[in-house]
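The next block is final_21.txt, given as compact mmCIF, C-alpha atoms.
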```txt
# COMPACT_ATOMS: atom_id res chain seq x y z
CA VAL E 780 0.00 0.00 0.00
CA LEU E 781 1.29 3.48 -0.82
CA LEU E 782 0.94 5.95 2.06
CA CYS E 783 1.43 9.71 1.88
CA ASP E 784 1.80 12.35 4.58
CA ILE E 785 1.23 15.85 3.22
CA GLY E 786 2.58 18.74 5.22
CA ASN E 787 2.75 22.45 4.56
CA THR E 788 5.81 22.12 2.35
CA THR E 789 6.35 18.42 1.58
CA TYR E 790 4.65 15.28 0.27
CA THR E 791 6.26 12.27 1.99
CA PHE E 792 5.48 8.87 0.46
CA TYR E 793 6.09 5.50 2.10
CA ASP E 794 5.62 2.26 0.19
CA GLY E 795 6.58 -0.04 3.06
CA LYS E 796 10.24 0.10 2.08
CA ARG E 797 11.43 3.61 1.58
CA LEU E 798 10.52 7.26 2.10
CA GLN E 799 10.33 9.70 -0.81
CA LYS E 800 9.85 13.42 -0.42
CA TYR E 801 8.61 16.01 -2.91
CA PRO E 802 7.96 19.73 -2.41
CA THR E 803 4.27 20.67 -2.43
CA SER E 804 5.16 23.64 -4.63
CA SER E 805 6.16 21.50 -7.62
CA PHE E 806 4.78 17.96 -7.18
CA SER E 807 1.77 16.93 -9.29
CA PRO E 808 -0.36 14.35 -7.47
CA GLU E 809 -2.05 13.18 -10.68
CA THR E 810 1.26 11.61 -11.76
CA ILE E 811 0.60 8.84 -9.20
CA LYS E 812 -1.60 6.19 -10.80
CA GLU E 813 -1.87 3.63 -7.99
CA ASP E 814 -4.05 3.93 -4.88
CA VAL E 815 -2.64 6.32 -2.29
CA TYR E 816 -3.86 6.60 1.29
CA PHE E 817 -3.00 10.02 2.59
CA ILE E 818 -3.41 12.49 5.40
CA SER E 819 -2.92 16.21 4.84
CA VAL E 820 -2.63 19.28 7.05
CA ASN E 821 -2.31 21.26 3.84
CA HIS E 822 -5.91 22.40 3.47
CA PRO E 823 -5.59 24.05 0.03
CA LEU E 824 -4.41 20.70 -1.38
CA LEU E 825 -7.40 18.79 -0.01
CA GLU E 826 -9.67 20.16 -2.70
CA VAL E 827 -7.25 19.22 -5.47
CA LEU E 828 -6.88 15.69 -4.10
CA SER E 829 -10.63 15.19 -3.65
CA LYS E 830 -10.90 15.18 -7.45
CA LEU E 831 -8.42 12.32 -7.87
CA PRO E 832 -10.23 9.00 -7.37
CA ASN E 833 -7.08 7.04 -6.43
CA TRP E 834 -6.18 9.46 -3.60
CA HIS E 835 -7.98 8.32 -0.43
CA ASN E 836 -8.15 10.69 2.54
CA LEU E 837 -7.55 8.54 5.62
CA GLU E 838 -8.76 11.39 7.85
CA GLU E 839 -12.33 10.38 6.95
CA ARG E 840 -11.80 7.08 8.78
CA ILE E 841 -10.22 8.57 11.90
CA SER E 842 -12.15 9.66 14.96
CA LYS E 843 -10.67 12.58 16.85
CA GLU E 844 -12.83 11.89 19.87
CA SER E 845 -9.88 11.17 22.20
CA PHE E 846 -8.13 14.30 20.92
CA TYR E 847 -9.84 17.51 19.79
CA GLU E 848 -11.73 18.38 16.67
CA THR E 849 -9.32 20.93 15.15
CA MET E 850 -6.16 19.01 16.01
CA GLY E 851 -3.93 18.45 13.00
CA ILE E 852 -4.49 14.97 11.58
CA ASP E 853 -0.72 14.34 11.54
CA ARG E 854 -0.60 14.85 15.30
CA VAL E 855 -3.60 12.59 15.86
CA VAL E 856 -2.03 9.82 13.79
CA CYS E 857 1.37 10.05 15.51
CA CYS E 858 -0.34 9.96 18.90
CA ALA E 859 -2.35 6.90 17.85
CA ALA E 860 0.96 5.16 17.14
CA THR E 861 2.35 5.95 20.60
CA LYS E 862 1.28 4.50 23.94
CA HIS E 863 3.50 6.42 26.29
CA GLY E 864 5.84 9.30 25.57
CA VAL E 865 6.33 12.74 24.10
CA ILE E 866 5.97 12.90 20.32
CA VAL E 867 7.93 15.73 18.72
CA ASP E 868 7.15 16.18 15.03
CA ALA E 869 9.78 18.62 13.82
CA GLY E 870 8.85 20.08 10.46
CA SER E 871 7.88 23.57 9.33
CA ALA E 872 6.08 23.63 12.68
CA ILE E 873 7.20 21.60 15.67
CA THR E 874 4.27 19.87 17.33
CA VAL E 875 4.76 18.39 20.77
CA ASP E 876 2.15 15.95 22.10
CA VAL E 877 2.06 13.92 25.27
CA MET E 878 0.59 10.40 25.58
CA LYS E 879 0.38 8.64 28.94
CA ASP E 880 -0.78 5.03 29.12
CA GLY E 881 -2.56 5.44 25.80
CA VAL E 882 -4.35 8.64 26.81
CA PHE E 883 -3.73 12.01 25.10
CA GLN E 884 -2.69 14.61 27.68
CA GLY E 885 -2.54 17.63 25.37
CA GLY E 886 0.13 19.27 23.32
CA PHE E 887 1.46 22.48 21.85
CA ILE E 888 2.85 23.99 18.67
CA TYR E 889 6.21 25.73 18.31
CA PRO E 890 7.65 27.26 15.14
CA GLY E 891 10.05 25.04 13.17
CA ILE E 892 13.75 25.90 12.91
CA GLN E 893 13.40 27.70 9.59
CA ALA E 894 10.32 29.66 10.66
CA PHE E 895 12.01 30.66 13.91
CA ALA E 896 15.08 31.95 12.06
CA THR E 897 12.92 33.93 9.64
CA CYS E 898 10.98 35.31 12.59
CA TYR E 899 14.13 36.76 14.18
CA GLY E 900 14.92 38.45 10.86
CA THR E 901 11.52 40.14 10.73
CA ILE E 902 12.19 41.82 14.09
CA SER E 903 15.45 43.49 13.13
CA LEU E 904 18.15 43.36 10.47
CA ALA E 905 20.59 42.80 13.33
CA LEU E 906 18.85 39.51 14.09
CA GLN E 907 18.88 38.05 10.57
CA THR E 908 20.31 34.58 10.95
CA SER E 909 20.18 30.97 10.01
CA LEU E 910 20.03 28.98 13.20
CA GLU E 911 22.85 26.61 13.95
CA LEU E 912 22.11 23.69 16.20
CA ASP E 913 25.64 23.32 17.48
CA THR E 914 24.85 25.36 20.54
CA SER E 915 25.53 24.38 24.13
CA LEU E 916 22.53 24.30 26.42
CA GLU E 917 24.75 24.08 29.49
CA LYS E 918 25.82 27.72 29.54
CA LEU E 919 24.01 30.92 28.65
CA PRO E 920 25.57 32.35 25.49
CA LYS E 921 27.66 35.51 25.27
CA ASN E 922 27.41 36.20 21.56
CA THR E 923 24.57 37.12 19.18
CA GLN E 924 24.47 33.93 17.12
CA GLY E 925 24.53 31.90 20.32
CA ALA E 926 21.77 34.05 21.83
CA LEU E 927 19.52 33.27 18.83
CA ASN E 928 20.36 29.54 18.68
CA TYR E 929 19.80 29.22 22.42
CA GLY E 930 16.55 31.23 22.24
CA PHE E 931 15.12 28.74 19.78
CA LEU E 932 16.35 25.56 21.42
CA ALA E 933 16.79 25.92 25.18
CA PRO E 934 13.21 26.94 26.10
CA LEU E 935 11.80 24.14 23.92
CA HIS E 936 14.28 21.68 25.45
CA LYS E 937 13.32 22.64 29.00
CA GLU E 938 9.63 22.27 28.19
CA ILE E 939 9.99 18.85 26.58
CA THR E 940 12.28 17.38 29.24
CA SER E 941 9.99 18.65 32.02
CA TYR E 942 7.48 15.85 31.32
CA ASP E 943 10.02 13.19 32.30
CA LEU E 944 8.78 10.81 29.60
CA PRO E 945 10.52 9.07 26.71
CA VAL E 946 10.79 11.39 23.70
CA ILE E 947 10.16 10.23 20.14
CA PHE E 948 11.26 12.55 17.32
CA THR E 949 9.84 12.42 13.85
CA GLY E 950 9.68 14.81 10.88
CA GLY E 951 12.37 16.42 8.73
CA ASP E 952 14.41 17.93 11.55
CA ALA E 953 14.07 14.93 13.89
CA LYS E 954 17.73 13.91 13.82
CA ARG E 955 19.12 17.41 14.27
CA LEU E 956 16.94 18.04 17.30
CA ALA E 957 17.17 14.62 18.92
CA THR E 958 20.92 14.97 19.53
CA PHE E 959 20.12 17.41 22.34
CA PHE E 960 17.93 14.97 24.26
CA GLN E 961 18.91 12.02 26.37
CA ASN E 962 16.71 8.93 26.00
CA ALA E 963 15.32 10.26 22.74
CA THR E 964 14.56 8.06 19.77
CA VAL E 965 14.09 9.06 16.15
CA ASP E 966 11.32 7.32 14.25
CA GLU E 967 10.86 8.70 10.76
CA LEU E 968 8.12 6.15 10.14
CA LEU E 969 5.99 7.01 13.16
CA ILE E 970 3.27 8.74 11.18
CA PHE E 971 3.09 5.83 8.73
CA LYS E 972 2.86 3.32 11.57
CA GLY E 973 -0.07 5.35 12.82
CA MET E 974 -1.67 5.49 9.39
CA GLN E 975 -1.41 1.71 9.02
CA LYS E 976 -3.58 1.36 12.13
CA PHE E 977 -6.44 3.05 10.30
CA LEU E 978 -6.20 1.19 6.98
CA VAL O 253 17.80 65.55 31.51
CA LEU O 254 15.80 64.03 28.66
CA LEU O 255 16.59 60.37 28.04
CA CYS O 256 15.48 58.29 25.05
CA ASP O 257 15.53 54.55 24.42
CA ILE O 258 15.11 53.77 20.72
CA GLY O 259 13.99 50.29 19.81
CA ASN O 260 13.04 48.68 16.53
CA THR O 261 9.56 50.16 16.59
CA THR O 262 9.41 52.80 19.33
CA TYR O 263 11.10 55.92 20.70
CA THR O 264 10.57 55.98 24.47
CA PHE O 265 11.38 59.27 26.21
CA TYR O 266 11.83 59.75 29.94
CA ASP O 267 12.21 63.22 31.45
CA GLY O 268 12.53 62.04 35.05
CA LYS O 269 8.78 62.18 35.54
CA ARG O 270 6.96 60.38 32.79
CA LEU O 271 7.38 58.04 29.84
CA GLN O 272 6.31 59.05 26.35
CA LYS O 273 6.30 56.70 23.40
CA TYR O 274 6.30 57.44 19.67
CA PRO O 275 6.48 55.01 16.74
CA THR O 276 9.80 55.11 14.87
CA SER O 277 7.84 55.04 11.62
CA SER O 278 6.32 58.49 12.12
CA PHE O 279 8.31 60.38 14.79
CA SER O 280 10.68 63.16 13.64
CA PRO O 281 13.63 63.48 16.02
CA GLU O 282 14.45 67.02 14.83
CA THR O 283 11.26 68.24 16.53
CA ILE O 284 13.09 67.87 19.87
CA LYS O 285 15.08 71.04 20.55
CA GLU O 286 16.59 70.26 23.96
CA ASP O 287 19.53 67.93 24.67
CA VAL O 288 18.60 64.24 24.46
CA TYR O 289 20.78 61.40 25.70
CA PHE O 290 19.81 58.26 23.85
CA ILE O 291 20.65 54.66 23.16
CA SER O 292 19.44 52.92 20.01
CA VAL O 293 19.34 49.35 18.75
CA ASN O 294 17.78 50.75 15.61
CA HIS O 295 20.87 50.99 13.43
CA PRO O 296 19.28 52.79 10.44
CA LEU O 297 18.27 55.63 12.79
CA LEU O 298 21.80 56.09 14.15
CA GLU O 299 22.91 57.86 11.00
CA VAL O 300 19.94 60.24 11.07
CA LEU O 301 20.56 61.07 14.73
CA SER O 302 24.31 61.61 14.25
CA LYS O 303 23.41 64.71 12.22
CA LEU O 304 21.42 66.27 15.06
CA PRO O 305 23.80 68.05 17.47
CA ASN O 306 21.42 67.89 20.45
CA TRP O 307 21.04 64.09 20.21
CA HIS O 308 23.87 62.47 22.21
CA ASN O 309 24.54 58.77 21.76
CA LEU O 310 25.23 57.40 25.24
CA GLU O 311 26.59 54.18 23.72
CA GLU O 312 29.84 56.04 23.00
CA ARG O 313 30.42 56.35 26.75
CA ILE O 314 29.63 52.73 27.60
CA SER O 315 32.19 49.94 27.71
CA LYS O 316 30.88 46.52 26.74
CA GLU O 317 33.95 44.83 28.17
CA SER O 318 32.00 42.89 30.82
CA PHE O 319 29.46 41.85 28.18
CA TYR O 320 30.22 41.22 24.51
CA GLU O 321 30.91 43.56 21.64
CA THR O 322 27.79 42.93 19.53
CA MET O 323 25.37 42.82 22.46
CA GLY O 324 22.47 45.23 22.04
CA ILE O 325 23.12 48.43 23.96
CA ASP O 326 19.67 48.21 25.57
CA ARG O 327 20.59 44.86 27.12
CA VAL O 328 23.94 46.19 28.34
CA VAL O 329 22.28 49.18 29.98
CA CYS O 330 19.57 47.12 31.69
CA CYS O 331 22.20 44.70 32.99
CA ALA O 332 24.27 47.61 34.31
CA ALA O 333 21.21 48.65 36.35
CA THR O 334 20.81 45.18 37.88
CA LYS O 335 23.05 43.50 40.44
CA HIS O 336 21.36 40.14 40.75
CA GLY O 337 18.50 38.70 38.74
CA VAL O 338 17.04 37.86 35.37
CA ILE O 339 16.22 40.86 33.21
CA VAL O 340 13.45 40.23 30.70
CA ASP O 341 13.01 43.08 28.23
CA ALA O 342 9.79 42.24 26.41
CA GLY O 343 9.42 44.27 23.26
CA SER O 344 9.46 43.34 19.58
CA ALA O 345 12.14 40.89 20.69
CA ILE O 346 12.30 39.46 24.20
CA THR O 347 15.82 39.59 25.56
CA VAL O 348 16.64 37.57 28.65
CA ASP O 349 19.87 38.31 30.51
CA VAL O 350 21.24 36.94 33.75
CA MET O 351 23.27 38.91 36.29
CA LYS O 352 24.75 37.23 39.37
CA ASP O 353 26.46 39.33 42.02
CA GLY O 354 27.08 42.06 39.48
CA VAL O 355 28.55 39.71 36.86
CA PHE O 356 26.93 39.08 33.46
CA GLN O 357 26.32 35.35 32.99
CA GLY O 358 25.01 35.48 29.42
CA GLY O 359 21.61 35.77 27.86
CA PHE O 360 19.42 34.90 24.92
CA ILE O 361 16.91 36.40 22.49
CA TYR O 362 13.36 35.15 21.92
CA PRO O 363 10.82 36.60 19.50
CA GLY O 364 8.33 39.07 20.99
CA ILE O 365 4.64 38.20 21.28
CA GLN O 366 3.68 39.91 18.03
CA ALA O 367 6.59 38.42 16.07
CA PHE O 368 5.80 34.95 17.44
CA ALA O 369 2.16 35.23 16.38
CA THR O 370 3.16 36.40 12.90
CA CYS O 371 5.64 33.54 12.71
CA TYR O 372 2.91 30.94 13.30
CA GLY O 373 0.91 32.51 10.48
CA THR O 374 3.81 32.21 8.04
CA ILE O 375 3.91 28.43 8.58
CA SER O 376 0.29 27.73 7.73
CA LEU O 377 -3.01 29.53 7.27
CA ALA O 378 -4.37 27.14 9.91
CA LEU O 379 -1.98 28.68 12.45
CA GLN O 380 -2.84 32.35 11.84
CA THR O 381 -3.52 33.78 15.24
CA SER O 382 -3.10 36.61 17.63
CA LEU O 383 -1.68 35.20 20.82
CA GLU O 384 -3.73 35.50 23.97
CA LEU O 385 -1.89 35.46 27.24
CA ASP O 386 -4.78 34.07 29.25
CA THR O 387 -3.46 30.57 28.94
CA SER O 388 -2.86 28.12 31.76
CA LEU O 389 0.67 26.81 32.10
CA GLU O 390 -0.47 24.09 34.50
CA LYS O 391 -2.04 21.83 31.91
CA LEU O 392 -1.12 21.00 28.34
CA PRO O 393 -3.76 22.50 26.04
CA LYS O 394 -6.28 20.53 24.01
CA ASN O 395 -7.28 23.18 21.48
CA THR O 396 -5.47 25.01 18.69
CA GLN O 397 -5.48 28.52 20.18
CA GLY O 398 -4.26 27.08 23.46
CA ALA O 399 -1.55 25.08 21.67
CA LEU O 400 -0.20 28.30 20.10
CA ASN O 401 -0.45 30.41 23.27
CA TYR O 402 1.25 27.66 25.26
CA GLY O 403 3.94 27.19 22.59
CA PHE O 404 4.93 30.82 22.90
CA LEU O 405 4.77 31.11 26.67
CA ALA O 406 5.44 27.80 28.43
CA PRO O 407 8.92 27.05 27.01
CA LEU O 408 10.03 30.63 27.73
CA HIS O 409 8.55 30.41 31.23
CA LYS O 410 10.37 27.15 32.00
CA GLU O 411 13.65 28.60 30.77
CA ILE O 412 13.38 31.79 32.81
CA THR O 413 12.26 30.11 36.04
CA SER O 414 15.04 27.51 35.74
CA TYR O 415 17.64 30.07 36.90
CA ASP O 416 15.97 30.38 40.29
CA LEU O 417 16.70 34.11 40.46
CA PRO O 418 14.47 37.17 40.93
CA VAL O 419 12.94 38.23 37.60
CA ILE O 420 12.64 41.86 36.53
CA PHE O 421 10.40 42.63 33.56
CA THR O 422 10.72 45.74 31.45
CA GLY O 423 9.60 46.80 27.97
CA GLY O 424 6.19 47.19 26.39
CA ASP O 425 4.86 43.72 27.21
CA ALA O 426 6.36 43.59 30.72
CA LYS O 427 3.07 43.66 32.60
CA ARG O 428 1.34 41.06 30.42
CA LEU O 429 4.19 38.61 30.81
CA ALA O 430 5.01 39.22 34.46
CA THR O 431 1.61 37.93 35.61
CA PHE O 432 2.81 34.40 34.84
CA PHE O 433 5.84 34.59 37.12
CA GLN O 434 6.01 34.41 40.88
CA ASN O 435 8.46 36.82 42.52
CA ALA O 436 8.57 38.92 39.38
CA THR O 437 8.74 42.69 39.40
CA VAL O 438 7.93 45.11 36.61
CA ASP O 439 10.25 48.08 36.22
CA GLU O 440 9.42 50.18 33.19
CA LEU O 441 12.20 52.59 34.13
CA LEU O 442 14.99 49.99 34.33
CA ILE O 443 16.70 51.03 31.12
CA PHE O 444 16.59 54.72 32.16
CA LYS O 445 18.04 53.88 35.58
CA GLY O 446 20.88 52.19 33.70
CA MET O 447 21.33 55.15 31.36
CA GLN O 448 21.56 57.54 34.29
CA LYS O 449 24.59 55.60 35.54
CA PHE O 450 26.47 56.57 32.37
CA LEU O 451 25.53 60.26 32.26
```

Please render this file's structure as structure tokens.
Amino acid sequence: VLLCDIGNTTYTFYDGKRLQKYPTSSFSPETIKEDVYFISVNHPLLEVLSKLPNWHNLEERISKESFYETMGIDRVVCCAATKHGVIVDAGSAITVDVMKDGVFQGGFIYPGIQAFATCYGTISLALQTSLELDTSLEKLPKNTQGALNYGFLAPLHKEITSYDLPVIFTGGDAKRLATFFQNATVDELLIFKGMQKFL
Amino acid sequence: VLLCDIGNTTYTFYDGKRLQKYPTSSFSPETIKEDVYFISVNHPLLEVLSKLPNWHNLEERISKESFYETMGIDRVVCCAATKHGVIVDAGSAITVDVMKDGVFQGGFIYPGIQAFATCYGTISLALQTSLELDTSLEKLPKNTQGALNYGFLAPLHKEITSYDLPVIFTGGDAKRLATFFQNATVDELLIFKGMQKFL
């Protein structure tokens, strides 16, 4: 079965063997001729896909009752694949959700690395940067680049570690972020494991 | 003496009695005829002000030796006014600096409330919001607005409280933010108290 997770910027396909990524800006979904089971947080694309008979929106089969009605379907699916732990889906947004003994505890949304860097630049020319995740979280920084790197990462790190639960990273920036967390695992297939539960 | 703190969006004047604020986009500094002692993190304005003989840049009198060379002059001045504590200057950016027994320990920069809200909107239409600081930090949210409010505030809150020091808030959003912190004080004059030390 071909699965597809559609985010704000990327189509990610999984055929049971390998992941393939395409930018939403240039990929044409009608080039896929086989059946695709997808979820999408990209609302403008939903209308396009609804016209393609081989693209099946898995969201229609998924109850959000244990979560909340407007929760992103990607978060719901990752939570459904996780019994106990913090799920950090690090893409253009970073979503953080907490599951305890199979029960959703709530979650929050933080800007992704790229969005955070762009955000600094909108405040002041002096803060234009690309964030580097080689920063130390042990010591407060004493330079501008460090102050921006730390501002993105340290508050998020303190929040996530405060739950004292295992942390599972998924999404495009999973590996880069996971290096800062002890007892963290990276599972790039988490969302697809969740989707398989609803097939 | 007339003092002025120039940020990315606002001129704030203090005459020893009251604060007056004007947007940088519309205020004309040549309308002030008396001597003004100012600091400015707004670099484009520095050139304009250097041509006005009654506008005196206090930064020229301030050594950054105990801090670092590219540190914003507003942060340096607020630190100079603080012996022991966390200084949170909440404006278009939120700067967080730590002083212990008169020694600068380092600090970081976080986007201001408005910039953070705009940042969410750049990621996805579904995340367009204005942040509301009426959120609970006790429980993880289970709704989208709550997930965005919490994402802005809770990580920052955990970072700042982790130092276990008194917290002093200043800047335009000082009051709104301080309500979430125990043992926090608001001092809208902090930067001017620091400037007075260098007169």

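If only C-alpha atoms are the atoms counted, then among E:Ser819, E:Thr789, E:Thr923, E:Ser915 the closest residue to Ser805 of chain E is E:Thr789.
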
Taking only residues of chain E that have an atom at most 6 Å from an atom of chain O, what is each one's shortest atom pair and its distance in Å to one decimal, using only C-alpha atoms, in chain and number order, as JSON lines?
```
{"residue": "E:Gly885", "atom": "CA", "partner": "O:Leu392", "partner_atom": "CA", "distance": 4.7}
{"residue": "E:Gly886", "atom": "CA", "partner": "O:Leu392", "partner_atom": "CA", "distance": 5.5}
{"residue": "E:Phe887", "atom": "CA", "partner": "O:Ala399", "partner_atom": "CA", "distance": 4.0}
{"residue": "E:Ile888", "atom": "CA", "partner": "O:Gly403", "partner_atom": "CA", "distance": 5.2}
{"residue": "E:Tyr889", "atom": "CA", "partner": "O:Gly403", "partner_atom": "CA", "distance": 5.1}
{"residue": "E:Cys898", "atom": "CA", "partner": "O:Cys371", "partner_atom": "CA", "distance": 5.6}
{"residue": "E:Leu919", "atom": "CA", "partner": "O:Gly358", "partner_atom": "CA", "distance": 4.7}
{"residue": "E:Pro920", "atom": "CA", "partner": "O:Gly358", "partner_atom": "CA", "distance": 5.1}
{"residue": "E:Lys921", "atom": "CA", "partner": "O:Gly358", "partner_atom": "CA", "distance": 4.9}
{"residue": "E:Ala926", "atom": "CA", "partner": "O:Phe360", "partner_atom": "CA", "distance": 4.0}
{"residue": "E:Leu927", "atom": "CA", "partner": "O:Ile361", "partner_atom": "CA", "distance": 5.5}
{"residue": "E:Gly930", "atom": "CA", "partner": "O:Tyr362", "partner_atom": "CA", "distance": 5.1}
{"residue": "E:Pro934", "atom": "CA", "partner": "O:Pro407", "partner_atom": "CA", "distance": 4.4}
{"residue": "E:Leu935", "atom": "CA", "partner": "O:Pro407", "partner_atom": "CA", "distance": 5.1}
{"residue": "E:Glu938", "atom": "CA", "partner": "O:Pro407", "partner_atom": "CA", "distance": 5.0}
```

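One finds atom CA of Thr908 of chain E at 29.0 Å from atom CA of Met447 of chain O.
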
Correct to one decimal, the distance atom CA of Leu417 of chain O-atom CA of Asp341 of chain O is 15.6 Å

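When all atoms listed in the file are used to measure the gap to Val855 of chain E, the shortest distance among E:Asn836, E:Ser807, E:Gly950, E:Met878 belongs to E:Met878.
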
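The space separating atom CA of Leu383 of chain O from atom CA of Val338 of chain O comes to 23.9 Å.
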
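Compared by their closest atoms to Leu956 of chain E, and using only C-alpha atoms, the residues E:Val867, E:Leu968, E:Asp814, E:Asp943 rank with E:Val867 nearest.
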
Neighbourhood query: residues within 9 Å of (-2.2, 13.5, -7.4), file coordinates, counting all atoms listed in the file; return as a ChimeraX atom specification.
-> /E:806-812,815,827-828,830-831,833-834

Inset, instruction - Could you please give me, as a ChimeraX atom specification, the residues of protein, DNA or RNA lying at most 8 Å from (9.7, 6.3, 28.7) in the coordinate frame of the file, considering all atoms listed in the file? - result: /E:863-864,943-946,962

Using only C-alpha atoms, please write the residues we just selected to a file, as an mmCIF file, in the coordinates of the input.
```cif
data_model
loop_
_atom_site.group_PDB
_atom_site.id
_atom_site.type_symbol
_atom_site.label_atom_id
_atom_site.label_comp_id
_atom_site.auth_asym_id
_atom_site.auth_seq_id
_atom_site.Cartn_x
_atom_site.Cartn_y
_atom_site.Cartn_z
ATOM 1 C CA HIS E 863 3.500 6.420 26.290
ATOM 2 C CA GLY E 864 5.840 9.300 25.570
ATOM 3 C CA ASP E 943 10.020 13.190 32.300
ATOM 4 C CA LEU E 944 8.780 10.810 29.600
ATOM 5 C CA PRO E 945 10.520 9.070 26.710
ATOM 6 C CA VAL E 946 10.790 11.390 23.700
ATOM 7 C CA ASN E 962 16.710 8.930 26.000
#
```

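With all atoms listed in the file as the atoms that count, the minimum distance from Ile841 of chain E to the choices E:Cys783, E:Val965, E:Leu978, E:Leu824 is reached by E:Leu978.
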
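The smallest atom-to-atom distance between Lys800 of chain E and any of E:Ile892, E:Val882, E:Ile785, E:Ile970, using all atoms listed in the file, is found for E:Ile785.
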